[in-house]
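Below: data.pdb (PDB, C-alpha atoms and all ligand atoms)
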ATOM      1  CA  MET A   1      17.148  80.803 -33.853  1.00  0.00           C
ATOM      2  CA  ALA A   2      16.555  79.046 -30.562  1.00  0.00           C
ATOM      3  CA  PHE A   3      16.847  79.637 -26.843  1.00  0.00           C
ATOM      4  CA  VAL A   4      16.073  77.759 -23.642  1.00  0.00           C
ATOM      5  CA  LEU A   5      12.874  78.842 -21.948  1.00  0.00           C
ATOM      6  CA  ASN A   6      12.209  77.470 -18.475  1.00  0.00           C
ATOM      7  CA  GLY A   7      14.457  74.497 -19.207  1.00  0.00           C
ATOM      8  CA  LYS A   8      13.069  73.639 -22.627  1.00  0.00           C
ATOM      9  CA  THR A   9      14.616  74.515 -25.995  1.00  0.00           C
ATOM     10  CA  GLN A  10      12.288  76.715 -28.000  1.00  0.00           C
ATOM     11  CA  ALA A  11      12.465  78.332 -31.412  1.00  0.00           C
ATOM     12  CA  ILE A  12      12.323  82.071 -31.913  1.00  0.00           C
ATOM     13  CA  PRO A  13      10.105  82.399 -34.987  1.00  0.00           C
ATOM     14  CA  ALA A  14      11.606  84.726 -37.575  1.00  0.00           C
ATOM     15  CA  ASP A  15       8.603  87.036 -37.494  1.00  0.00           C
ATOM     16  CA  TRP A  16       9.087  87.546 -33.734  1.00  0.00           C
ATOM     17  CA  ALA A  17      12.812  88.273 -33.898  1.00  0.00           C
ATOM     18  CA  GLY A  18      12.240  92.019 -34.167  1.00  0.00           C
ATOM     19  CA  GLU A  19       9.832  92.116 -31.210  1.00  0.00           C
ATOM     20  CA  THR A  20      10.817  92.463 -27.590  1.00  0.00           C
ATOM     21  CA  LEU A  21      11.426  89.467 -25.348  1.00  0.00           C
ATOM     22  CA  LEU A  22       8.405  90.567 -23.276  1.00  0.00           C
ATOM     23  CA  PHE A  23       6.022  90.299 -26.238  1.00  0.00           C
ATOM     24  CA  LEU A  24       7.634  87.053 -27.373  1.00  0.00           C
ATOM     25  CA  LEU A  25       6.958  85.554 -23.938  1.00  0.00           C
ATOM     26  CA  ARG A  26       3.466  86.968 -23.480  1.00  0.00           C
ATOM     27  CA  ASP A  27       2.013  86.890 -26.977  1.00  0.00           C
ATOM     28  CA  HIS A  28       3.809  83.993 -28.623  1.00  0.00           C
ATOM     29  CA  PHE A  29       4.409  81.643 -25.695  1.00  0.00           C
ATOM     30  CA  GLY A  30       1.403  82.701 -23.611  1.00  0.00           C
ATOM     31  CA  LEU A  31       3.517  83.320 -20.497  1.00  0.00           C
ATOM     32  CA  VAL A  32       1.818  86.380 -19.076  1.00  0.00           C
ATOM     33  CA  GLY A  33       3.597  86.507 -15.708  1.00  0.00           C
ATOM     34  CA  ALA A  34       6.016  89.184 -16.897  1.00  0.00           C
ATOM     35  CA  LYS A  35       4.044  92.419 -17.067  1.00  0.00           C
ATOM     36  CA  TYR A  36       4.116  95.427 -19.349  1.00  0.00           C
ATOM     37  CA  GLY A  37       4.530  98.470 -17.124  1.00  0.00           C
ATOM     38  CA  CYS A  38       6.552 101.385 -18.439  1.00  0.00           C
ATOM     39  CA  GLY A  39       7.893  99.716 -21.567  1.00  0.00           C
ATOM     40  CA  VAL A  40      11.164 101.636 -21.317  1.00  0.00           C
ATOM     41  CA  GLY A  41      13.164  99.689 -18.762  1.00  0.00           C
ATOM     42  CA  VAL A  42      12.553 101.724 -15.624  1.00  0.00           C
ATOM     43  CA  CYS A  43       9.819  99.965 -13.588  1.00  0.00           C
ATOM     44  CA  GLY A  44      10.892  96.307 -13.471  1.00  0.00           C
ATOM     45  CA  ALA A  45       7.418  94.813 -14.005  1.00  0.00           C
ATOM     46  CA  CYS A  46       8.705  92.846 -17.019  1.00  0.00           C
ATOM     47  CA  THR A  47      11.756  91.343 -15.282  1.00  0.00           C
ATOM     48  CA  VAL A  48      12.833  87.821 -16.214  1.00  0.00           C
ATOM     49  CA  ILE A  49      16.179  86.093 -15.711  1.00  0.00           C
ATOM     50  CA  VAL A  50      18.458  85.763 -18.746  1.00  0.00           C
ATOM     51  CA  ASP A  51      21.613  83.692 -18.231  1.00  0.00           C
ATOM     52  CA  GLY A  52      21.331  84.267 -14.486  1.00  0.00           C
ATOM     53  CA  VAL A  53      20.863  88.020 -14.661  1.00  0.00           C
ATOM     54  CA  ALA A  54      17.659  89.942 -13.859  1.00  0.00           C
ATOM     55  CA  THR A  55      16.735  91.464 -17.216  1.00  0.00           C
ATOM     56  CA  ARG A  56      14.107  93.973 -18.379  1.00  0.00           C
ATOM     57  CA  SER A  57      12.349  92.007 -21.086  1.00  0.00           C
ATOM     58  CA  CYS A  58      10.537  95.099 -22.434  1.00  0.00           C
ATOM     59  CA  ILE A  59      13.788  96.528 -23.799  1.00  0.00           C
ATOM     60  CA  THR A  60      15.450  93.229 -24.744  1.00  0.00           C
ATOM     61  CA  PRO A  61      15.171  92.367 -28.444  1.00  0.00           C
ATOM     62  CA  ALA A  62      13.897  88.822 -28.929  1.00  0.00           C
ATOM     63  CA  GLU A  63      16.690  88.120 -31.415  1.00  0.00           C
ATOM     64  CA  SER A  64      19.308  88.983 -28.776  1.00  0.00           C
ATOM     65  CA  ILE A  65      18.370  85.997 -26.615  1.00  0.00           C
ATOM     66  CA  GLU A  66      19.401  83.419 -29.209  1.00  0.00           C
ATOM     67  CA  GLY A  67      21.350  80.717 -27.349  1.00  0.00           C
ATOM     68  CA  SER A  68      20.462  82.135 -23.914  1.00  0.00           C
ATOM     69  CA  GLU A  69      18.682  80.588 -20.974  1.00  0.00           C
ATOM     70  CA  VAL A  70      15.554  82.488 -20.004  1.00  0.00           C
ATOM     71  CA  ARG A  71      13.593  81.821 -16.831  1.00  0.00           C
ATOM     72  CA  SER A  72      10.233  83.428 -16.266  1.00  0.00           C
ATOM     73  CA  VAL A  73       8.112  83.350 -13.127  1.00  0.00           C
ATOM     74  CA  GLU A  74       6.188  80.428 -14.635  1.00  0.00           C
ATOM     75  CA  GLY A  75       9.388  78.365 -14.571  1.00  0.00           C
ATOM     76  CA  LEU A  76      10.270  78.796 -10.904  1.00  0.00           C
ATOM     77  CA  ALA A  77       8.216  76.036  -9.297  1.00  0.00           C
ATOM     78  CA  THR A  78       9.504  72.511  -9.850  1.00  0.00           C
ATOM     79  CA  ASP A  79       7.403  69.344  -9.614  1.00  0.00           C
ATOM     80  CA  GLY A  80       4.581  71.356  -8.091  1.00  0.00           C
ATOM     81  CA  VAL A  81       6.770  72.760  -5.307  1.00  0.00           C
ATOM     82  CA  LEU A  82       7.063  76.513  -5.130  1.00  0.00           C
ATOM     83  CA  HIS A  83      10.460  78.158  -5.242  1.00  0.00           C
ATOM     84  CA  PRO A  84      11.493  79.345  -1.730  1.00  0.00           C
ATOM     85  CA  VAL A  85      11.050  82.950  -2.863  1.00  0.00           C
ATOM     86  CA  GLN A  86       7.514  82.252  -4.058  1.00  0.00           C
ATOM     87  CA  GLN A  87       6.735  80.438  -0.796  1.00  0.00           C
ATOM     88  CA  ALA A  88       8.083  83.349   1.253  1.00  0.00           C
ATOM     89  CA  TRP A  89       5.950  85.743  -0.804  1.00  0.00           C
ATOM     90  CA  LEU A  90       2.887  83.671   0.046  1.00  0.00           C
ATOM     91  CA  ASP A  91       3.811  83.228   3.704  1.00  0.00           C
ATOM     92  CA  LEU A  92       4.168  86.977   4.207  1.00  0.00           C
ATOM     93  CA  ALA A  93       1.281  87.924   1.907  1.00  0.00           C
ATOM     94  CA  VAL A  94       3.532  90.304  -0.002  1.00  0.00           C
ATOM     95  CA  PRO A  95       1.374  91.230  -3.017  1.00  0.00           C
ATOM     96  CA  GLN A  96      -1.217  93.966  -2.886  1.00  0.00           C
ATOM     97  CA  CYS A  97      -2.567  94.580  -6.410  1.00  0.00           C
ATOM     98  CA  GLY A  98       0.070  92.106  -7.609  1.00  0.00           C
ATOM     99  CA  TYR A  99       1.014  93.813 -10.855  1.00  0.00           C
ATOM    100  CA  CYS A 100       4.685  94.358 -10.028  1.00  0.00           C
ATOM    101  CA  GLN A 101       5.160  91.097  -8.156  1.00  0.00           C
ATOM    102  CA  PRO A 102       6.376  88.688 -10.877  1.00  0.00           C
ATOM    103  CA  GLY A 103       9.141  91.161 -11.645  1.00  0.00           C
ATOM    104  CA  GLN A 104       9.898  91.610  -7.949  1.00  0.00           C
ATOM    105  CA  ILE A 105      10.128  87.849  -7.485  1.00  0.00           C
ATOM    106  CA  MET A 106      12.453  87.383 -10.455  1.00  0.00           C
ATOM    107  CA  SER A 107      14.773  90.138  -9.231  1.00  0.00           C
ATOM    108  CA  ALA A 108      14.798  88.504  -5.793  1.00  0.00           C
ATOM    109  CA  VAL A 109      15.601  85.075  -7.262  1.00  0.00           C
ATOM    110  CA  ALA A 110      18.464  86.536  -9.313  1.00  0.00           C
ATOM    111  CA  LEU A 111      19.774  88.240  -6.174  1.00  0.00           C
ATOM    112  CA  LEU A 112      19.722  85.027  -4.146  1.00  0.00           C
ATOM    113  CA  ASN A 113      21.432  83.126  -6.961  1.00  0.00           C
ATOM    114  CA  GLU A 114      24.296  85.590  -6.613  1.00  0.00           C
ATOM    115  CA  PHE A 115      24.308  86.144  -2.842  1.00  0.00           C
ATOM    116  CA  SER A 116      23.116  83.298  -0.634  1.00  0.00           C
ATOM    117  CA  SER A 117      23.031  85.608   2.369  1.00  0.00           C
ATOM    118  CA  PRO A 118      22.481  89.179   1.158  1.00  0.00           C
ATOM    119  CA  SER A 119      22.811  92.173   3.432  1.00  0.00           C
ATOM    120  CA  ASP A 120      20.055  94.783   3.603  1.00  0.00           C
ATOM    121  CA  ALA A 121      22.258  96.937   1.352  1.00  0.00           C
ATOM    122  CA  ASP A 122      22.546  94.077  -1.169  1.00  0.00           C
ATOM    123  CA  ILE A 123      18.766  93.707  -1.147  1.00  0.00           C
ATOM    124  CA  ASP A 124      18.164  97.425  -1.566  1.00  0.00           C
ATOM    125  CA  ALA A 125      20.657  97.617  -4.443  1.00  0.00           C
ATOM    126  CA  ALA A 126      19.255  94.573  -6.246  1.00  0.00           C
ATOM    127  CA  MET A 127      15.609  95.589  -5.821  1.00  0.00           C
ATOM    128  CA  ASP A 128      16.067  99.307  -6.417  1.00  0.00           C
ATOM    129  CA  GLY A 129      14.787  99.234  -9.998  1.00  0.00           C
ATOM    130  CA  ASN A 130      11.588  97.340  -9.233  1.00  0.00           C
ATOM    131  CA  LEU A 131       8.856  99.863  -8.507  1.00  0.00           C
ATOM    132  CA  CYS A 132       5.695  99.070  -6.553  1.00  0.00           C
ATOM    133  CA  ARG A 133       2.852 101.560  -6.680  1.00  0.00           C
ATOM    134  CA  CYS A 134       1.216  99.796  -3.743  1.00  0.00           C
ATOM    135  CA  GLY A 135       4.272 100.261  -1.549  1.00  0.00           C
ATOM    136  CA  THR A 136       4.949  96.660  -0.572  1.00  0.00           C
ATOM    137  CA  TYR A 137       8.672  97.282  -0.166  1.00  0.00           C
ATOM    138  CA  GLY A 138       8.821  96.389   3.521  1.00  0.00           C
ATOM    139  CA  ARG A 139       7.181  93.005   2.977  1.00  0.00           C
ATOM    140  CA  ILE A 140       9.393  92.348  -0.056  1.00  0.00           C
ATOM    141  CA  ARG A 141      12.539  92.836   2.051  1.00  0.00           C
ATOM    142  CA  ALA A 142      11.155  90.641   4.827  1.00  0.00           C
ATOM    143  CA  ALA A 143      10.195  87.914   2.343  1.00  0.00           C
ATOM    144  CA  ILE A 144      13.672  87.878   0.826  1.00  0.00           C
ATOM    145  CA  GLN A 145      15.168  87.389   4.291  1.00  0.00           C
ATOM    146  CA  ARG A 146      12.627  84.643   4.979  1.00  0.00           C
ATOM    147  CA  ALA A 147      13.610  82.885   1.742  1.00  0.00           C
ATOM    148  CA  VAL A 148      17.254  83.091   2.831  1.00  0.00           C
ATOM    149  CA  GLU A 149      16.404  81.466   6.155  1.00  0.00           C
ATOM    150  CA  ALA A 150      14.412  78.736   4.401  1.00  0.00           C
ATOM    151  CA  THR A 151      17.257  77.677   2.101  1.00  0.00           C
TER     152      THR A 151
HETATM  153  S1  LIG B 201       7.863  97.296 -18.374  1.00  0.00           S
HETATM  154 FE1  LIG B 201       9.944  96.765 -18.525  1.00  0.00          FE
HETATM  155  S2  LIG B 201      10.946  97.976 -17.030  1.00  0.00           S
HETATM  156 FE2  LIG B 201       8.884  98.677 -17.059  1.00  0.00          FE
HETATM  157  S1  LIG B 202       1.678  95.180  -5.499  1.00  0.00           S
HETATM  158 FE1  LIG B 202       0.662  96.712  -6.659  1.00  0.00          FE
HETATM  159  S2  LIG B 202       2.217  97.634  -7.829  1.00  0.00           S
HETATM  160 FE2  LIG B 202       3.266  96.316  -6.476  1.00  0.00          FE
END
Would you kindly transcribe this structure into structure tokens?
Ligand code: FES
Ligand code: FES
Amino acid sequence: MAFVLNGKTQAIPADWAGETLLFLLRDHFGLVGAKYGCGVGVCGACTVIVDGVATRSCITPAESIEGSEVRSVEGLATDGVLHPVQQAWLDLAVPQCGYCQPGQIMSAVALLNEFSSPSDADIDAAMDGNLCRCGTYGRIRAAIQRAVEAT
């Protein structure tokens, strides 16, 4: 079994096939950007992009991603240049504790891949499932609009 992880073909070891995608990424591949929050698909801390869609990796079986393209927050920057969403997050100092932010960023990237110029309603709908205990929602919306302007 194989899949493409951040642009590189990788094997899914048989003994990881029954685990979740989140644990495969964190514990097998050492990519700890995606976070374990609720573990049941309701907080968004574990969000990665699978075949272009923002996906809760904590409830995605590793075996189900065979043949898919997975992008994690570690795979956003290219040649040392941050993705426009990452840059906007830095410019507006979005994170507070930071725990939810990789998932927030991946949901925002998936949104902008679908809508190059999202309305506030598009943003609210796309980001609705990503919870932030620190309440950074206002800065998240502003950063998404800044990323739109920058691209
Ligand atoms: S940890 Fe996956 S949605 Fe909460
Ligand atoms: S920045 Fe702390 S939970 Fe979102």
**Study point:** Selection near Val85 (chain A), 8 Å with only C-alpha atoms, sequence-local residues under 5 positions removed, as a PyMOL selection string
**Key:** chain A and resi 105+108-109+143-144+147
Check your understanding: Applied to the shown file, which residues does the PyMOL selection byres (((not hetatm)) within 10 of (chain B and resi 201)) return, written as a list in words?
Key ->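 Checked against the file, the PyMOL selection byres (((not hetatm)) within 10 of (chain B and resi 201)) matches Leu22, Ala34, Lys35, Tyr36, Gly37, Cys38, Gly39, Val40, Gly41, Val42, Cys43, Gly44, Ala45, Cys46, Thr47, Val48, Thr55, Arg56, Ser57, Cys58, Ile59, Thr60, Cys100, Gly103, Gly129, Asn130 and Leu131 of chain A.
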Practice item. May I have the residues within 9 Å of Val73 (chain A) as number ranges by chain, using all atoms listed in the file and disregarding those fewer than 2 positions away in the same chain? Key: A: 6, 31, 33-34, 48-49, 71, 75-77, 102-103, 105-106
Using the file's own x, y and z axes, what box holds all listed atoms of ligand LIG 202 (chain B) with 4 Å on each side, keeping edges along x, y and z, and what are its centre and edge lengths in Å to one decimal, as lines of an AutoDock Vina configuration file?
center_x = 2.0
center_y = 96.4
center_z = -6.7
size_x = 10.6
size_y = 10.5
size_z = 10.3
Practice item. Please write as a list in words the full residue list that the PyMOL selection byres (((not hetatm)) within 6 of (chain B and resi 202)) yields on this file. Key: Pro95, Gln96, Cys97, Gly98, Tyr99, Cys100, Gln101, Cys132, Arg133 and Cys134 of chain A
Review point. So what do you get for CA of Gln104 (chain A) versus CA of Trp89 (chain A), distance-wise?
Key: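 Separating CA of Gln104 (chain A) from CA of Trp89 (chain A) is a distance of 10.1 Å.
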Point to revise | Among the residues A:Val53, A:Ala126, A:His83, A:Leu111, the one that comes closest to Thr151 (chain A) [using only C-alpha atoms] | key: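 The shortest atom-to-atom distance to Thr151 (chain A) comes from A:His83.
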Review point. Applied to this file, what does the PyMOL selection byres (((chain A and resi 123) around 12) and not hetatm) return in terms of residues, put as a PyMOL selection string?
Key: chain A and resi 104+107-112+114-122+124-130+137-138+140-145+148
Exercise for review: Find the residue from A:Thr20, A:Gly30, A:Val70, A:Val94 that sits nearest to Gly52 (chain A); use all atoms listed in the file when measuring.
Suggested key: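 Checking each of A:Thr20, A:Gly30, A:Val70, A:Val94 against Gly52 (chain A), counting all atoms listed in the file, the winner is A:Val70.
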Would you fill the gaps in region 115-138 of chain A so it has N, CA and C atoms, then print it as a CSV table (one decimal), in the coordinates of the input?
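File written: out27.csv
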chain,number,residue,atom,x,y,z
A,115,PHE,N,23.9,86.0,-4.3
A,115,PHE,CA,24.3,86.1,-2.8
A,115,PHE,C,23.4,85.2,-2.0
A,116,SER,N,24.0,84.2,-1.4
A,116,SER,CA,23.1,83.3,-0.6
A,116,SER,C,22.7,83.9,0.7
A,117,SER,N,23.4,84.9,1.1
A,117,SER,CA,23.0,85.6,2.4
A,117,SER,C,23.2,87.1,2.2
A,118,PRO,N,22.3,87.8,1.5
A,118,PRO,CA,22.5,89.2,1.2
A,118,PRO,C,22.3,90.1,2.4
A,119,SER,N,23.0,91.2,2.4
A,119,SER,CA,22.8,92.2,3.4
A,119,SER,C,21.6,93.0,3.0
A,120,ASP,N,21.1,93.9,4.0
A,120,ASP,CA,20.1,94.8,3.6
A,120,ASP,C,20.5,95.7,2.4
A,121,ALA,N,21.8,96.1,2.4
A,121,ALA,CA,22.3,96.9,1.4
A,121,ALA,C,22.2,96.2,0.0
A,122,ASP,N,22.6,94.9,0.1
A,122,ASP,CA,22.5,94.1,-1.2
A,122,ASP,C,21.1,94.0,-1.7
A,123,ILE,N,20.2,93.8,-0.8
A,123,ILE,CA,18.8,93.7,-1.1
A,123,ILE,C,18.3,95.0,-1.7
A,124,ASP,N,18.6,96.1,-1.1
A,124,ASP,CA,18.2,97.4,-1.6
A,124,ASP,C,18.7,97.7,-2.9
A,125,ALA,N,20.0,97.4,-3.1
A,125,ALA,CA,20.7,97.6,-4.4
A,125,ALA,C,20.0,96.8,-5.5
A,126,ALA,N,19.8,95.5,-5.2
A,126,ALA,CA,19.3,94.6,-6.2
A,126,ALA,C,17.8,94.9,-6.6
A,127,MET,N,17.0,95.4,-5.6
A,127,MET,CA,15.6,95.6,-5.8
A,127,MET,C,15.3,97.0,-6.2
A,128,ASP,N,16.3,97.9,-6.2
A,128,ASP,CA,16.1,99.3,-6.4
A,128,ASP,C,15.3,99.6,-7.7
A,129,GLY,N,15.5,98.9,-8.7
A,129,GLY,CA,14.8,99.2,-10.0
A,129,GLY,C,13.4,98.6,-10.2
A,130,ASN,N,12.9,97.9,-9.2
A,130,ASN,CA,11.6,97.3,-9.2
A,130,ASN,C,10.6,98.2,-8.4
A,131,LEU,N,9.8,98.9,-9.2
A,131,LEU,CA,8.9,99.9,-8.5
A,131,LEU,C,7.5,99.2,-8.1
A,132,CYS,N,7.0,99.6,-7.0
A,132,CYS,CA,5.7,99.1,-6.6
A,132,CYS,C,4.8,100.2,-6.2
A,133,ARG,N,3.8,100.4,-7.0
A,133,ARG,CA,2.9,101.6,-6.7
A,133,ARG,C,2.1,101.3,-5.4
A,134,CYS,N,2.0,100.1,-5.0
A,134,CYS,CA,1.2,99.8,-3.7
A,134,CYS,C,2.1,99.9,-2.5
A,135,GLY,N,3.4,100.0,-2.7
A,135,GLY,CA,4.3,100.3,-1.5
A,135,GLY,C,4.5,99.0,-0.7
A,136,THR,N,4.7,97.9,-1.3
A,136,THR,CA,4.9,96.7,-0.6
A,136,THR,C,6.4,96.4,-0.2
A,137,TYR,N,7.2,97.5,-0.3
A,137,TYR,CA,8.7,97.3,-0.2
A,137,TYR,C,9.1,96.6,1.1
A,138,GLY,N,8.4,97.0,2.2
A,138,GLY,CA,8.8,96.4,3.5
A,138,GLY,C,8.6,94.9,3.5
